[in-house]
Amino acid sequence: MHAVLVMILQRLGLGVLTLFVVSLVIFGATELLPGDLASSLLGQSATPETVAALRRQMGLDQPAPVRYWAWLTGVLQGDFGVSLASRRPIADMMSARLGNTVFLALYAAAIAVPLSLILGVLAALWRNSLFDRVANAGALSAISFPEFFVAYILIFLLAQSGYFPSMVRLSPAMSLGDKLYVTFLPALTLTLVVTAHMMRMTRAAIINLMASPYIEMARLKGLSPLRIVLRHALPNALAPIINVIALNLAYLITGVVVVEVVFVYPGLGQLMVDSVSKRDIAVVQAIALIFASAYVLLNLTADVLSTLTNPRLMRRK
Amino acid sequence: MTGDVLLNIKGLHIEGRAGEDWLPIINGIDLTLRRGEVLGLIGESGAGKSTLGLAAMGFARDGCRISGGEITFDGIDLRAASERRKRALRGRRIAYVAQSAAASFNPAHKLIDQYCEVPVLKGMGRSETEAEAVTLYRKMQLPAPEEIGFRYPHQVSGGQLQRAMTAMAMACHPDLIIFDEPTTALDVTTQIEVLAAIRDIVRDYNTAAIYITHDLAVVAQMADRIKILLRGDEVEEADTRTMLANPKADYTKSLWAVRSFARPEAPPPKGAPLVSVQGVRAGYGKVDILHDVSFDIHAGRTVAVVGESGSGKSTVARVITGLLPPRDGQVVFDGTPLPPDYRARTRDQLRQCQMIYQMADTALNPKLRLRELIGRPARMYLGLQGRALDSRVRELLDLIELDPDTYIDRLPSELSGGQKQRIGIARALAAEPQLIICDEVTSALDQIVQEGILKLLDRLQREFGLAYMFITHDLSTVRAIADEVVVMQHGRVVEQGPKPEMFAPPHEPYTELLLSSVPEMDPDWLTRLLAARGGTVQAGAPCSGGKG
Amino acid sequence: MGVLLFLVIVIAASIPLAWLFRATLVRTLPHDIAIVARDMPLTAAFGLLVIGVYVFVAVLAPVLAPFPERAVVGTQFQPWDSTHWLGTDRLGRDMLSRLIYGARNTVGIAFATTTLAFVVGSLLGIWAALRGGWLDQGLSRFVDALMAIPSLIFSLLLLTIFGTTVMTLILVIAAVDATRVYRIARSVAQGVVVMDYIEAARLRGEGNWYLIRREILPNALAPLVAEFGLRFCFVFLTISSLSFLGLGIQPPTADWGSMVRDNATLITFGNVTPLLPAGAIALLTVAVNFVVDWQLYRASGLKEQG
């Protein structure tokens, strides 16, 4: 057990290091800005004096490491700075939206994970059957569809006739049931896209596993197919499946941006897109950091969990 | 031993899928096995022996199908039987021992849990099954039989796993066990223990067995009868002693003949050695793999470096070629010390020492034609161009006994295994070297092909006065081609000297163990050996022990 | 129900089309390629056919389009009629013509981006695998750090900084995607570099360039080509998504992603026209995926067909 503990601590340490590097990259990218934040904010008509004043006010006259340190310590205390466009504190702008985005992602994951695992395992077990072929072709198509295409098809089918709203308006007073109803279409869109990926990967992982010699051995021991799957395949499938889930939950992060825009969903993704078009770099930076951290943490969790399910690592020689 | 018939196979046909087509793997084979009898199935790779073994359980791998014939096990027609009926037989009355136990045990469960699975499903109590497991583990001479079952497969060595798998197969006292190359992946000294344990347990329980292998000497110890397969056809079948003494088919005779190849004595060494490995210590990371290794190679002679896996014999080759710079010591070539790193060596130094690899498949770039594969060294080192290069490549193809017009523009994938290895030889020759390092060059080849390669190497040596460093684990190859022998164990040279001295007593203990562990084509060899070793089998690292 | 019926008709129509196309290929191509074509599944034949049509349309866009790309030729949101087969858009431009020009713009930009990402990513990846040591470690850790940021998010960040012109779009997406290509090229090349024939070539004294050109690249090509298809799909979808978000290809250039965005309001009125450019994106991606699946199947020799 001791060796595993050390290994997990190593992974966690690596995760923290990755987060640090990610913050460096995100901050450093701003340094690539041609010209200067202050002058691009004020436009070409600004006088050198006003630009200099703004630079001082924004702390741009400080050297980059100092500014990075100030930014990082601020972020760690929940202070993301001030929006360049609206001059409001970024943390205030994000707080409600972060909750909404997490809600949407969890909603989609709650449907997609069980659904895709079941479909993937069935497709692998009934390999080359009609079910497998249809599921595969369907998944391949769904992967090929841009998220907004899936979203608009759903709107066309389900919202136009009035079953579900095509725009999401959330209010704090809503009951959970209402919230689930209102956000059904965006969640369904995300589910469809992610399920396709996750199903294909689960299928591949299971097929790979079923080809191993110990599964053939189990068959030659005369065990029933059900017992082979439950007792011999499943314990070894946990690690690959955990990785598949983590990878796809991370994929939700990307999907959420487009889907939020289509359904006018008040989440972080929409805020990010708005800020990109306004070139509000401070807000974009903050949201990118949040999305990237979620991504890193998901992968880290998967890493640790799959270590814990691997008997070779858990019980050293 | 001559009880009633247990397994009867008649006119069996099995096909394998290749794209849209089905190709035959087994073409109409008959097989009869009585209770308590052991049948050896012999064949080279692709002979269909594993497929036949699995068919005896009514099982065909994915992508294969049984397309004709009868399989009857103890009166039950396995081709007509339902899947459920066959499942009830497998593991209980017919058991299987796979080639790689390490891959065939489920990594997620303890050995004992995997042992108990079938007996408990059959209705036996868990505790009595565990008690019997300990008995069987003890019979299989596993260390700490009470405790070993509670380990996971990756915590147990390969030879022990193979024995644990045999114990697992015995769990329900089956009538028939299929052994599919159970010792092929093991070192010779480990192989002995497994062979002895398998033989004893099969006799004690009077179990019938089909023993599949490509090694004649091994099967001679294990089987009552031997059946020889070639590309899905039966060549001949006879009881073991008759088969060994008096093989009938030409193919069988040729299998026997391989073992008898021996080259004439090379001229005695004269003058300074061509290569001198002096006090080499080398390794990776913090670990030293080689400790103070020294030996010489003289021009025109063959030095065989012998050892089991992990002995460091291939690492020596990496030090000589400069892929692994040594930590201490040096390699002297023709009187001059070589730079330790190959990147610091001159083009001529690189040219003088060429290498032939074990796996010709990975040693030849699959996307290059033979013209470039063989021609490249001649072009690089000797500056040959155009017509001169073309005729040199043709000359080299002639030397390795391949027709230039047919082969010069082929890709490696269009050649057989033995032909690929010949291309490896031609490529080495193209550089016109003085030393060729042969790293297990015959161990991936079928026996008949091996002989051809050894003869070719011998002819080339006499023709060009080449020095060979021959790395191998196979002592019969050493007997065939070596002038001098270097025995290695755990990264040290245990013993070295001219071949006649090395093969005659007295030996160092490890050399003795190694020599005596090589199976011989004598059905009584294992029995005699075990008696000589006093009934118990000790292998691995014997620190003490008398001379044979 | 209408949509389902439509789907069934489309699939029913594409099967004989794909079959005919394959039969034509087998008849007309030289023998050794025809053998490959004969064993191709219908899905792959369909994919090749679709890709062919797209290339044809993209190349001949000015000839095929009934109206110019950017001209206002009617009133806003005209319905389908004999002049404007697919109606007009928000500004009164001909939808069909913009759809045709979109093939040239959207697909062309995606193709250029993927190619750029591939050349940079795979050369660096192979080089790192060949050299090993600190260079490999440094480059790989750097790429790992970049890959810890989801690609769309990273692209959005970079686009904020550099602005959204076509040139920055291509460079930004190519840079982000090159990290993924690097990873794959490196792992493919590592599989080749451990081969004995590479060791033999090194011991012969060959230089790095010969090793890459003659020994590694020919053996890494097949998986890299399949990967190119996958990366193209990914880049194509990313650029379309960015355009849809208004951050990619900018008006008045005709582009499928932004066409969906501009005319999306029609959907809520039950008009399918804005779905057509989205469908055009989906169809091409499906087609490329079908072909890639077939290539992967051929490369791995797995006994299953999609």
# chains A, B, ... in the order shown; residues from 1 in each chain; ligands from 1
call {"tool": "closest_atom_pairs", "arguments": {"of": "chain B", "to": "chain C", "cutoff": "9 Å", "atoms": "only C-alpha atoms", "output": "Markdown table"}}
result
| residue | atom | partner | partner_atom | distance |
| --- | --- | --- | --- | --- |
| B:Arg17 | CA | C:Lys303 | CA | 8.5 |
| B:Ala18 | CA | C:Lys303 | CA | 8.5 |
| B:Gly19 | CA | C:Lys303 | CA | 7.2 |
| B:Glu20 | CA | C:Asp39 | CA | 8.6 |
| B:Gly63 | CA | C:Lys303 | CA | 7.7 |
| B:Thr321 | CA | C:Leu203 | CA | 7.4 |
| B:Gly322 | CA | C:Leu203 | CA | 8.2 |
| B:Leu323 | CA | C:Leu203 | CA | 8.0 |
| B:Tyr342 | CA | C:Leu203 | CA | 6.8 |
| B:Arg343 | CA | C:Gly205 | CA | 7.5 |
| B:Arg345 | CA | C:Gly205 | CA | 8.9 |
| B:Thr346 | CA | C:Gly205 | CA | 8.7 |
| B:Arg347 | CA | C:Gly205 | CA | 6.7 |
| B:Leu350 | CA | C:Arg204 | CA | 6.3 |
| B:Arg351 | CA | C:Arg204 | CA | 7.0 |
| B:Gln354 | CA | C:Leu203 | CA | 8.4 |
| B:Met355 | CA | C:Ala200 | CA | 7.5 |
| B:Ile356 | CA | C:Ala200 | CA | 8.8 |
| B:Tyr357 | CA | C:Asp196 | CA | 7.3 |
| B:Met359 | CA | C:Asp196 | CA | 8.2 |
| B:Ala360 | CA | C:Asp196 | CA | 8.6 |
| B:Asp361 | CA | C:Asp196 | CA | 8.9 |
| B:Thr362 | CA | C:Asp196 | CA | 5.4 |
| B:Ala363 | CA | C:Tyr197 | CA | 4.2 |
| B:Leu364 | CA | C:Tyr197 | CA | 5.3 |
| B:Asn365 | CA | C:Tyr197 | CA | 5.7 |
| B:Pro366 | CA | C:Asn219 | CA | 7.6 |
| B:Lys367 | CA | C:Pro218 | CA | 6.3 |
| B:Leu368 | CA | C:Arg214 | CA | 8.2 |
| B:Pro377 | CA | C:Arg204 | CA | 7.2 |
| B:Met380 | CA | C:Arg204 | CA | 8.5 |
| B:Tyr381 | CA | C:Arg204 | CA | 8.8 |
call {"tool": "interface_residues", "arguments": {"of": "chain C", "to": "chain A", "cutoff": "9 Å", "atoms": "only C-alpha atoms", "output": "MDAnalysis selection string"}}
result
chainID C and resid 3 144:146 148:154 156:163 233:234 237:238 240:242 244:247 260:261 264 267:272 274:275 278:279 281:290 304:306
call {"tool": "write_last_selection", "arguments": {"atoms": "C-alpha atoms", "output": "tab-separated table (two decimals), in the first residue's frame"}}
result
chain	number	residue	atom	x	y	z
C	3	VAL	CA	-37.36	13.61	-40.88
C	144	ASP	CA	1.84	17.95	-22.70
C	145	ALA	CA	1.41	21.29	-20.94
C	146	LEU	CA	-0.22	22.84	-24.02
C	148	ALA	CA	-3.68	20.23	-20.79
C	149	ILE	CA	-5.82	23.10	-22.11
C	150	PRO	CA	-8.87	21.97	-24.12
C	151	SER	CA	-8.22	22.83	-27.75
C	152	LEU	CA	-11.33	24.95	-28.39
C	153	ILE	CA	-10.68	26.94	-25.22
C	154	PHE	CA	-7.05	27.48	-26.17
C	156	LEU	CA	-10.55	31.03	-28.27
C	157	LEU	CA	-7.87	32.48	-26.02
C	158	LEU	CA	-5.42	32.85	-28.89
C	159	LEU	CA	-8.06	34.31	-31.22
C	160	THR	CA	-8.87	36.94	-28.61
C	161	ILE	CA	-5.26	37.93	-28.60
C	162	PHE	CA	-4.48	37.84	-32.30
C	163	GLY	CA	-7.87	38.79	-33.71
C	233	CYS	CA	-12.48	16.16	-39.48
C	234	PHE	CA	-11.53	17.66	-36.17
C	237	LEU	CA	-15.51	20.87	-37.12
C	238	THR	CA	-13.51	23.30	-34.97
C	240	SER	CA	-17.09	25.48	-38.40
C	241	SER	CA	-17.88	25.81	-34.72
C	242	LEU	CA	-15.77	28.96	-34.44
C	244	PHE	CA	-20.79	29.52	-36.03
C	245	LEU	CA	-19.81	31.38	-32.87
C	246	GLY	CA	-18.91	34.35	-35.04
C	247	LEU	CA	-15.21	34.00	-34.25
C	260	VAL	CA	-26.09	28.60	-39.97
C	261	ARG	CA	-25.60	31.34	-37.41
C	264	ALA	CA	-30.77	30.29	-37.53
C	267	ILE	CA	-35.44	27.14	-37.94
C	268	THR	CA	-37.86	28.16	-35.26
C	269	PHE	CA	-40.32	28.89	-38.06
C	270	GLY	CA	-40.00	25.35	-39.35
C	271	ASN	CA	-37.75	26.19	-42.30
C	272	VAL	CA	-34.92	23.71	-42.88
C	274	PRO	CA	-30.24	26.88	-42.31
C	275	LEU	CA	-29.78	23.19	-41.60
C	278	ALA	CA	-24.75	22.29	-41.23
C	279	GLY	CA	-25.75	19.15	-43.10
C	281	ILE	CA	-20.47	19.94	-42.87
C	282	ALA	CA	-21.82	16.76	-41.34
C	283	LEU	CA	-21.93	14.90	-44.64
C	284	LEU	CA	-18.30	15.59	-45.47
C	285	THR	CA	-17.16	14.63	-41.99
C	286	VAL	CA	-19.15	11.40	-42.13
C	287	ALA	CA	-17.63	10.66	-45.54
C	288	VAL	CA	-14.05	11.23	-44.37
C	289	ASN	CA	-14.70	9.15	-41.26
C	290	PHE	CA	-16.02	6.28	-43.35
C	304	GLU	CA	-14.52	-6.76	-38.66
C	305	GLN	CA	-16.26	-4.39	-40.94
C	306	GLY	CA	-18.22	-1.25	-40.25
call {"tool": "closest_atom_pairs", "arguments": {"of": "chain B", "to": "chain A", "cutoff": "9 Å", "atoms": "only C-alpha atoms", "output": "CSV"}}
result
residue,atom,partner,partner_atom,distance
B:Leu54,CA,A:Leu220,CA,8.8
B:Met57,CA,A:Leu220,CA,8.0
B:Phe59,CA,A:Leu220,CA,7.9
B:Arg61,CA,A:Glu216,CA,8.5
B:Arg84,CA,A:Ser224,CA,8.3
B:Lys86,CA,A:Gly222,CA,7.4
B:Arg87,CA,A:Gly222,CA,4.1
B:Ala88,CA,A:Gly222,CA,6.2
B:Leu89,CA,A:Gly222,CA,7.0
B:Arg90,CA,A:Gly222,CA,4.5
B:Gly91,CA,A:Lys221,CA,4.0
B:Arg92,CA,A:Lys221,CA,7.6
B:Ile94,CA,A:Lys221,CA,8.5
B:Ala95,CA,A:Lys221,CA,6.8
B:Tyr96,CA,A:Leu220,CA,6.7
B:Val97,CA,A:Met217,CA,8.5
B:Ala98,CA,A:Met217,CA,7.7
B:Ser100,CA,A:Pro213,CA,8.3
B:Ala101,CA,A:Tyr214,CA,8.8
B:Ala102,CA,A:Tyr214,CA,9.0
B:Ala103,CA,A:Pro213,CA,5.8
B:Ser104,CA,A:Tyr214,CA,3.9
B:Phe105,CA,A:Tyr214,CA,5.4
B:Asn106,CA,A:Tyr214,CA,5.3
B:Pro107,CA,A:Pro311,CA,6.9
B:Ala108,CA,A:Pro311,CA,5.7
B:His109,CA,A:Pro311,CA,8.2
B:Glu117,CA,A:Leu223,CA,8.9
B:Val118,CA,A:Lys221,CA,7.1
B:Tyr152,CA,A:Arg315,CA,7.9
B:Pro153,CA,A:Arg312,CA,8.8
B:His154,CA,A:Arg312,CA,6.5
B:Gln155,CA,A:Lys317,CA,4.9
B:Val156,CA,A:Lys317,CA,8.1
B:Ala169,CA,A:Lys221,CA,8.6
call {"tool": "closest_residue", "arguments": {"among": "B:Leu324, B:Arg241, B:Ile201, B:Asp409", "to": "Gly285 of chain B", "atoms": "only C-alpha atoms"}}
result
B:Leu324
call {"tool": "residues_around", "arguments": {"residues": "Phe77 of chain C", "least_positions_apart": "4", "cutoff": "7 Å", "atoms": "only C-alpha atoms", "output": "VMD selection string"}}
result
chain C and resid 87 to 90 92
call {"tool": "atom_distance", "arguments": {"atom1": "atom CA of Met222 of chain B", "atom2": "atom CA of Cys172 of chain B"}}
result
21.7 Å
call {"tool": "select_by_dssp", "arguments": {"residues": "segment 146-204 of chain B", "states": "strand (DSSP E)", "output": "ChimeraX atom specification"}}
result
/B:176-180
call {"tool": "residues_around", "arguments": {"residues": "Ala135 of chain A", "least_positions_apart": "3", "cutoff": "9 Å", "atoms": "only C-alpha atoms", "output": "MDAnalysis selection string"}}
result
chainID A and resid 119:120 123 130:132 138:140 196 199:200
call {"tool": "residues_around", "arguments": {"residues": "Leu52 of chain B", "least_positions_apart": "6", "cutoff": "12 Å", "atoms": "only C-alpha atoms", "output": "number ranges by chain"}}
result
B: 9-15, 25-31, 40-43, 46, 58-61, 64-66, 71, 178-180, 210-212, 227-229, 231-234
call {"tool": "residues_around", "arguments": {"residues": "Val219 of chain B", "least_positions_apart": "3", "cutoff": "10 Å", "atoms": "only C-alpha atoms", "output": "list of chain:residue names"}}
result
B:Val38, B:Leu39, B:Gly40, B:Leu41, B:Ile42, B:Leu195, B:Tyr211, B:Ile212, B:Thr213, B:His214, B:Asp215, B:Leu216, B:Met222, B:Ala223, B:Asp224, B:Arg225, B:Ile226, B:Thr240, B:Pro519, B:Met521, B:Asp522, B:Pro523
call {"tool": "residues_around", "arguments": {"residues": "Gly248 of chain C", "least_positions_apart": "6", "cutoff": "7 Å", "atoms": "only C-alpha atoms", "output": "ChimeraX atom specification"}}
result
/C:164,169,239,242
call {"tool": "closest_atom_pairs", "arguments": {"of": "segment 194-275 of chain A", "to": "segment 107-114 of chain A", "cutoff": "8 Å", "atoms": "only C-alpha atoms", "output": "tab-separated table"}}
result
residue	atom	partner	partner_atom	distance
A:Val194	CA	A:Ala112	CA	6.8
A:Thr195	CA	A:Ala112	CA	5.3
A:Met198	CA	A:Val113	CA	7.7
A:Ile245	CA	A:Val113	CA	7.0
A:Leu249	CA	A:Ala109	CA	7.0
call {"tool": "write_last_selection", "arguments": {"atoms": "N, CA and C atoms", "output": "tab-separated table (two decimals), in the first residue's frame"}}
result
chain	number	residue	atom	x	y	z
A	194	VAL	N	-21.58	13.27	-26.84
A	194	VAL	CA	-20.63	12.58	-25.97
A	194	VAL	C	-20.87	11.08	-25.96
A	195	THR	N	-22.14	10.67	-25.99
A	195	THR	CA	-22.44	9.24	-25.97
A	195	THR	C	-21.78	8.53	-27.14
A	198	MET	N	-18.15	8.08	-26.39
A	198	MET	CA	-17.90	7.21	-25.26
A	198	MET	C	-18.25	5.77	-25.61
A	245	ILE	N	-14.38	7.57	-19.56
A	245	ILE	CA	-15.34	8.50	-18.96
A	245	ILE	C	-14.68	9.87	-18.74
A	249	LEU	N	-15.90	13.39	-20.29
A	249	LEU	CA	-16.37	14.48	-19.45
A	249	LEU	C	-15.56	15.73	-19.77
call {"tool": "atom_distance", "arguments": {"atom1": "atom CA of Phe503 of chain B", "atom2": "atom CA of Ala197 of chain B"}}
result
27.9 Å
call {"tool": "select_by_dssp", "arguments": {"residues": "segment 71-243 of chain C", "states": "helix (DSSP H, G or I)", "output": "PyMOL selection string"}}
result
chain C and resi 95-131+133-147+151-162+166-193+196-204+208-243
call {"tool": "atom_distance", "arguments": {"atom1": "atom CA of Asn105 of chain C", "atom2": "atom CA of Asp255 of chain C"}}
result
6.3 Å
